[in-house]
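Below is structure-v6.csv, holding CSV, C-alpha atoms.
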chain,number,residue,atom,x,y,z
S,1,MET,CA,-47.2,-0.7,-35.4
S,2,SER,CA,-44.5,-1.2,-32.8
S,3,LYS,CA,-41.8,-3.7,-33.3
S,4,LYS,CA,-42.3,-7.0,-31.5
S,5,LYS,CA,-40.1,-7.2,-28.4
S,6,GLY,CA,-37.7,-10.1,-28.3
S,7,LEU,CA,-37.4,-12.7,-25.6
S,8,SER,CA,-35.1,-12.1,-22.7
S,9,VAL,CA,-32.3,-14.6,-21.9
S,10,GLU,CA,-34.2,-16.0,-18.9
S,11,GLU,CA,-37.3,-16.5,-21.1
S,12,LYS,CA,-35.3,-18.3,-23.7
S,13,ARG,CA,-33.8,-20.6,-21.1
S,14,THR,CA,-37.3,-21.4,-19.7
S,15,ARG,CA,-38.7,-22.2,-23.2
S,16,MET,CA,-35.6,-24.3,-24.0
S,17,MET,CA,-36.2,-26.4,-20.9
S,18,GLU,CA,-39.9,-26.8,-21.9
S,19,ILE,CA,-38.7,-28.6,-25.1
S,20,PHE,CA,-36.9,-31.2,-23.1
S,21,PHE,CA,-39.6,-31.6,-20.5
S,22,GLU,CA,-42.5,-31.9,-22.9
S,23,THR,CA,-40.8,-34.3,-25.3
S,24,LYS,CA,-38.6,-36.3,-22.8
S,25,ASP,CA,-36.3,-36.9,-25.7
S,26,VAL,CA,-32.6,-36.6,-26.6
S,27,PHE,CA,-31.5,-34.0,-29.2
S,28,GLN,CA,-28.6,-32.9,-31.2
S,29,LEU,CA,-27.8,-29.2,-31.6
S,30,LYS,CA,-29.0,-29.2,-35.2
S,31,ASP,CA,-32.4,-30.6,-34.0
S,32,LEU,CA,-32.8,-27.9,-31.4
S,33,GLU,CA,-31.9,-25.3,-34.0
S,34,LYS,CA,-34.9,-26.4,-36.1
S,35,ILE,CA,-37.4,-27.0,-33.2
S,36,ALA,CA,-36.7,-24.0,-31.0
S,37,PRO,CA,-37.5,-21.2,-33.6
S,38,LYS,CA,-40.7,-22.9,-34.7
S,39,GLU,CA,-42.2,-24.0,-31.4
S,40,LYS,CA,-40.7,-21.6,-28.8
S,41,GLY,CA,-39.8,-18.5,-30.8
S,42,ILE,CA,-36.1,-18.8,-30.0
S,43,THR,CA,-33.9,-17.4,-32.8
S,44,THR,CA,-31.6,-20.0,-34.4
S,45,MET,CA,-28.5,-17.9,-33.7
S,46,SER,CA,-29.1,-17.9,-30.0
S,47,VAL,CA,-30.0,-21.6,-29.6
S,48,LYS,CA,-26.3,-22.7,-29.1
S,49,GLU,CA,-25.6,-20.0,-26.5
S,50,ILE,CA,-28.7,-20.7,-24.5
S,51,LEU,CA,-28.1,-24.4,-24.6
S,52,GLN,CA,-24.5,-24.0,-23.4
S,53,SER,CA,-25.6,-21.8,-20.5
S,54,LEU,CA,-28.1,-24.6,-19.4
S,55,VAL,CA,-25.3,-27.2,-19.6
S,56,ASP,CA,-23.0,-25.0,-17.6
S,57,ASP,CA,-25.6,-24.6,-14.9
S,58,GLY,CA,-26.2,-28.4,-14.8
S,59,MET,CA,-29.8,-28.1,-16.0
S,60,VAL,CA,-29.1,-30.0,-19.2
S,61,ASP,CA,-26.9,-33.1,-19.6
S,62,THR,CA,-24.7,-33.7,-22.5
S,63,ASP,CA,-22.5,-36.5,-23.8
S,64,ARG,CA,-20.5,-37.2,-26.9
S,65,ILE,CA,-21.4,-40.4,-28.8
S,66,GLY,CA,-19.2,-41.1,-31.8
S,67,THR,CA,-18.8,-37.8,-33.6
S,68,SER,CA,-22.0,-36.2,-32.3
S,69,ASN,CA,-23.0,-34.4,-29.1
S,70,TYR,CA,-26.4,-35.3,-27.6
S,71,PHE,CA,-28.4,-33.2,-25.1
S,72,TRP,CA,-31.2,-34.2,-22.7
S,73,ALA,CA,-32.9,-33.1,-19.6
S,74,PHE,CA,-35.7,-35.0,-17.7
S,75,PRO,CA,-38.3,-33.5,-15.3
S,76,SER,CA,-37.1,-35.9,-12.5
S,77,LYS,CA,-33.6,-34.4,-12.5
S,78,ALA,CA,-35.0,-30.9,-12.5
S,79,LEU,CA,-37.3,-31.9,-9.6
S,80,HIS,CA,-34.3,-33.2,-7.6
S,81,ALA,CA,-32.3,-30.1,-8.4
S,82,ARG,CA,-35.1,-27.9,-7.2
S,83,LYS,CA,-35.4,-30.0,-4.0
S,84,ARG,CA,-31.7,-29.7,-3.3
S,85,LYS,CA,-31.8,-25.9,-3.9
S,86,LEU,CA,-34.8,-25.6,-1.6
S,87,GLU,CA,-33.0,-27.5,1.1
S,88,ALA,CA,-30.0,-25.3,0.8
S,89,LEU,CA,-32.1,-22.2,1.0
S,90,GLU,CA,-34.0,-23.5,4.0
S,91,SER,CA,-30.7,-24.2,5.7
S,92,GLN,CA,-29.4,-20.7,5.0
S,93,PHE,CA,-32.7,-19.3,6.3
S,94,ALA,CA,-32.4,-21.2,9.5
S,95,GLU,CA,-28.8,-20.0,10.1
S,96,SER,CA,-29.8,-16.4,9.3
S,97,SER,CA,-32.7,-16.6,11.8
S,98,GLN,CA,-30.4,-17.9,14.5
S,99,LYS,CA,-27.9,-15.2,13.8
S,100,LYS,CA,-30.6,-12.6,13.9
S,101,GLU,CA,-31.8,-13.8,17.2
S,102,ARG,CA,-28.3,-13.8,18.7
S,103,LEU,CA,-27.8,-10.2,17.4
S,104,GLN,CA,-31.1,-9.1,18.9
S,105,GLN,CA,-30.1,-10.6,22.3
S,106,SER,CA,-26.8,-8.8,22.1
S,107,ILE,CA,-28.5,-5.5,21.3
S,108,GLU,CA,-30.9,-5.9,24.3
S,109,LYS,CA,-27.9,-6.7,26.6
S,110,SER,CA,-26.0,-3.7,25.3
S,111,LYS,CA,-28.9,-1.4,26.1
S,112,ILE,CA,-28.6,-2.2,29.8
S,113,GLY,CA,-27.1,0.9,31.6
S,114,ARG,CA,-27.3,3.0,28.4
S,115,GLN,CA,-30.7,4.5,28.9
S,116,ASP,CA,-31.1,8.1,27.7
S,117,THR,CA,-30.8,10.2,30.8
S,118,ALA,CA,-29.6,13.7,31.5
S,119,GLU,CA,-26.4,12.4,33.1
S,120,ARG,CA,-25.6,10.2,30.1
S,121,ALA,CA,-26.2,13.1,27.7
S,122,ALA,CA,-23.9,15.3,29.7
S,123,LEU,CA,-21.2,12.7,29.7
S,124,ILE,CA,-21.5,12.2,26.0
S,125,LYS,CA,-21.2,15.9,25.4
S,126,GLU,CA,-18.1,16.1,27.7
S,127,LEU,CA,-16.6,13.1,25.8
S,128,ALA,CA,-17.0,14.8,22.5
S,129,ALA,CA,-15.4,18.0,23.8
S,130,LEU,CA,-12.4,16.1,25.2
S,131,ARG,CA,-12.0,14.3,21.9
S,132,GLU,CA,-12.0,17.6,20.1
S,133,LYS,CA,-9.5,19.0,22.6
S,134,LYS,CA,-7.3,16.0,22.0
S,135,GLU,CA,-7.2,16.6,18.3
S,136,GLN,CA,-6.3,20.3,18.8
S,137,LEU,CA,-3.4,19.3,21.2
S,138,LYS,CA,-2.2,16.7,18.7
S,139,ALA,CA,-2.2,19.3,15.9
S,140,GLU,CA,-0.3,21.7,18.2
S,141,ILE,CA,2.3,19.1,19.0
S,142,ASP,CA,2.8,18.4,15.4
S,143,THR,CA,3.8,22.1,14.8
S,144,TYR,CA,6.6,21.6,17.4
S,145,GLN,CA,7.8,18.4,16.0
S,146,GLU,CA,11.2,19.9,15.0
S,147,CYS,CA,11.9,20.6,18.7
S,148,ASP,CA,11.0,17.1,19.8
S,149,PRO,CA,13.9,15.7,21.8
S,150,ASP,CA,13.6,12.3,20.0
S,151,VAL,CA,13.7,14.0,16.6
S,152,VAL,CA,16.7,16.2,17.7
S,153,GLU,CA,18.5,13.1,19.0
S,154,GLU,CA,17.9,11.3,15.7
S,155,ILE,CA,19.4,14.3,13.9
S,156,ARG,CA,22.4,14.2,16.2
S,157,GLN,CA,23.0,10.5,15.7
S,158,ALA,CA,22.6,11.0,11.9
S,159,ASN,CA,25.2,13.8,12.0
S,160,LYS,CA,27.5,11.6,14.1
S,161,VAL,CA,27.3,8.8,11.6
S,162,ALA,CA,27.9,11.2,8.7
S,163,LYS,CA,30.9,12.7,10.4
S,164,GLU,CA,32.4,9.3,11.1
S,165,ALA,CA,31.9,8.2,7.5
S,166,ALA,CA,33.5,11.4,6.2
S,167,ASN,CA,36.5,10.8,8.4
S,168,ARG,CA,36.9,7.3,7.2
S,169,TRP,CA,36.9,8.5,3.6
S,170,THR,CA,39.2,11.4,4.1
S,171,ALA,CA,41.6,10.0,6.8
S,172,PRO,CA,44.0,8.3,4.3
S,173,LYS,CA,44.5,11.7,2.4
S,174,VAL,CA,44.1,14.5,5.0
S,175,GLY,CA,45.4,14.4,8.5
S,176,SER,CA,43.6,16.0,11.3
S,177,LEU,CA,45.3,18.7,13.4
S,178,SER,CA,43.9,17.1,16.5
S,179,THR,CA,46.0,14.0,15.8
S,180,GLU,CA,49.3,15.8,14.9
S,181,SER,CA,52.4,15.4,17.0
S,182,PRO,CA,54.0,18.4,18.6
S,183,LEU,CA,56.9,18.3,16.1
S,184,GLN,CA,54.4,18.4,13.2
S,185,LYS,CA,52.6,21.4,14.7
S,186,ARG,CA,55.9,23.3,15.1
S,187,ARG,CA,56.9,22.5,11.5
S,188,ALA,CA,53.5,23.7,10.2
S,189,GLN,CA,53.8,27.0,12.2
S,190,ARG,CA,57.3,27.6,10.9
S,191,LEU,CA,56.3,27.0,7.3
S,192,THR,CA,53.3,29.3,7.7
S,193,ALA,CA,55.5,32.0,9.1
S,194,GLN,CA,58.0,31.8,6.2
S,195,CYS,CA,55.2,31.9,3.7
S,196,LEU,CA,53.6,35.0,5.3
S,197,LEU,CA,57.0,36.9,5.3
S,198,GLN,CA,57.2,36.4,1.5
S,199,GLN,CA,53.7,37.9,0.9
S,200,ASP,CA,51.9,41.1,1.9
S,201,VAL,CA,50.9,40.8,5.6
S,202,SER,CA,47.8,43.0,4.9
S,203,ALA,CA,46.3,40.1,2.9
S,204,GLU,CA,46.5,37.7,5.7
S,205,GLY,CA,42.9,36.3,5.2
S,206,PRO,CA,43.2,35.2,1.5
S,207,LEU,CA,46.8,34.2,2.1
S,208,LEU,CA,45.9,31.7,4.9
S,209,GLU,CA,43.5,30.0,2.5
S,210,GLN,CA,46.3,29.7,-0.1
S,211,ILE,CA,48.6,28.2,2.6
S,212,ALA,CA,46.0,25.7,3.6
S,213,GLU,CA,45.8,24.6,0.0
S,214,ARG,CA,49.6,24.2,-0.2
S,215,ILE,CA,49.8,22.0,2.9
S,216,PRO,CA,46.7,19.8,2.8
S,217,LYS,CA,48.6,17.0,4.6
S,218,LEU,CA,49.2,19.2,7.6
S,219,ALA,CA,45.9,21.1,8.1
S,220,VAL,CA,42.2,20.8,7.2
S,221,VAL,CA,41.0,24.1,8.9
S,222,PRO,CA,42.2,27.7,8.5
S,223,LEU,CA,45.4,28.4,10.5
S,224,PRO,CA,45.3,31.1,13.2
S,225,VAL,CA,46.2,34.7,12.1
S,226,LEU,CA,49.7,35.7,13.5
S,227,SER,CA,50.4,39.3,14.3
S,228,ALA,CA,53.2,41.2,12.6
S,229,ASP,CA,55.4,41.2,15.8
S,230,THR,CA,55.1,37.4,16.1
S,231,LEU,CA,56.0,37.0,12.4
S,232,MET,CA,59.1,39.2,12.9
S,233,THR,CA,60.1,37.1,15.9
S,234,LEU,CA,59.6,33.9,14.0
S,235,GLN,CA,61.8,35.3,11.2
S,236,LYS,CA,64.6,36.1,13.5
S,237,THR,CA,64.5,32.7,15.1
S,238,SER,CA,64.4,30.9,11.8
S,239,ARG,CA,67.5,32.6,10.4
S,240,PRO,CA,70.7,30.5,10.9
S,241,SER,CA,73.1,31.9,13.5

Render the structure in this file as structure tokens.
Amino acid sequence: MSKKKGLSVEEKRTRMMEIFFETKDVFQLKDLEKIAPKEKGITTMSVKEILQSLVDDGMVDTDRIGTSNYFWAFPSKALHARKRKLEALESQFAESSQKKERLQQSIEKSKIGRQDTAERAALIKELAALREKKEQLKAEIDTYQECDPDVVEEIRQANKVAKEAANRWTAPKVGSLSTESPLQKRRAQRLTAQCLLQQDVSAEGPLLEQIAERIPKLAVVPLPVLSADTLMTLQKTSRPS
């Protein structure tokens, strides 16, 4: 034999309400736990849960008197509750009907001038083609974004700001050749010539880098390479007469 199927939650709620409506009495929880299993087939363990759900939904009233909680529900209250619910549903139905009518009128109005004709079909096809072309052109433009004048200008402005910031940080320590006085330039050239005469002239490239490291306050870029004749001339002019 198959096992008897238990009651669903909704069936338990319905049978619990039948206890109140048939007896028209007031009960405590312990009373319902005795009556419900015998008369309505509701298990004792589920009585409290079903009763609390009915209270939460406003279908059963409850009050505490002394140390005990009492529960009751009368058919008249249930009738009034059903009437209020019916009125709310009827109001919603009326509003939905009006909304449906307005939408139907809007649809009929939108159909004016949109009849399916050969001209309309051609225009729709042309519109679809133009939209597809637009997407293709947009994708092509994106591939050339790096050459966009606005993007290039943004990069230039960012470089300008970075350069100015670098100058602010390095200005107190390293002087710029563009801001040197003529006297400072002559002193730098004379010192460079003297250093070159003390080293092998054939190693002018690496030597200039060493000189730049020795005089950081006078130059921040590689100095120009001087020819051997110029160096000899500078040596003669630098010797005391």

Item to check | Non-local contacts of S:Trp72 (7 Å; all atoms listed in the file; under 2 positions in same chain excluded) as a list in words | outcome: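 Using all atoms listed in the file, the neighbours found are Phe20, Asp25, Val26, Phe27, Val60, Asp61, Thr62, Tyr70 and Phe74 of chain S.
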
Item to check | One-decimal distance in Å that lies between atom CA of S:Gly113 and atom CA of S:Ala128 | outcome: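 Separation of atom CA of S:Ala128 and atom CA of S:Gly113: 19.4 Å.
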
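Atom CA of S:Gln115 is positioned 16.8 Å from atom CA of S:Leu127.
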
Checklist entry - In Å to one decimal, how far is atom CA of S:Ser53 from atom CA of S:Ser76? => result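 Pair atom CA of S:Ser76 / atom CA of S:Ser53 returns 19.9 Å.
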
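Near S:Leu32, within 10 Å and counting only C-alpha atoms, sit Met16, Ile19, Phe20, Val26, Phe27, Gln28, Leu29, Ile35, Ala36, Pro37, Lys38, Ile42, Thr44, Val47, Lys48, Leu51 and Phe71 of chain S; same-chain residues fewer than 3 positions away were not included.
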
Checklist entry - With distances taken over all atoms listed in the file, which of S:Met17, S:Ala94, S:Ala121, S:Val161 is nearest to S:Lys77? => result S:Met17
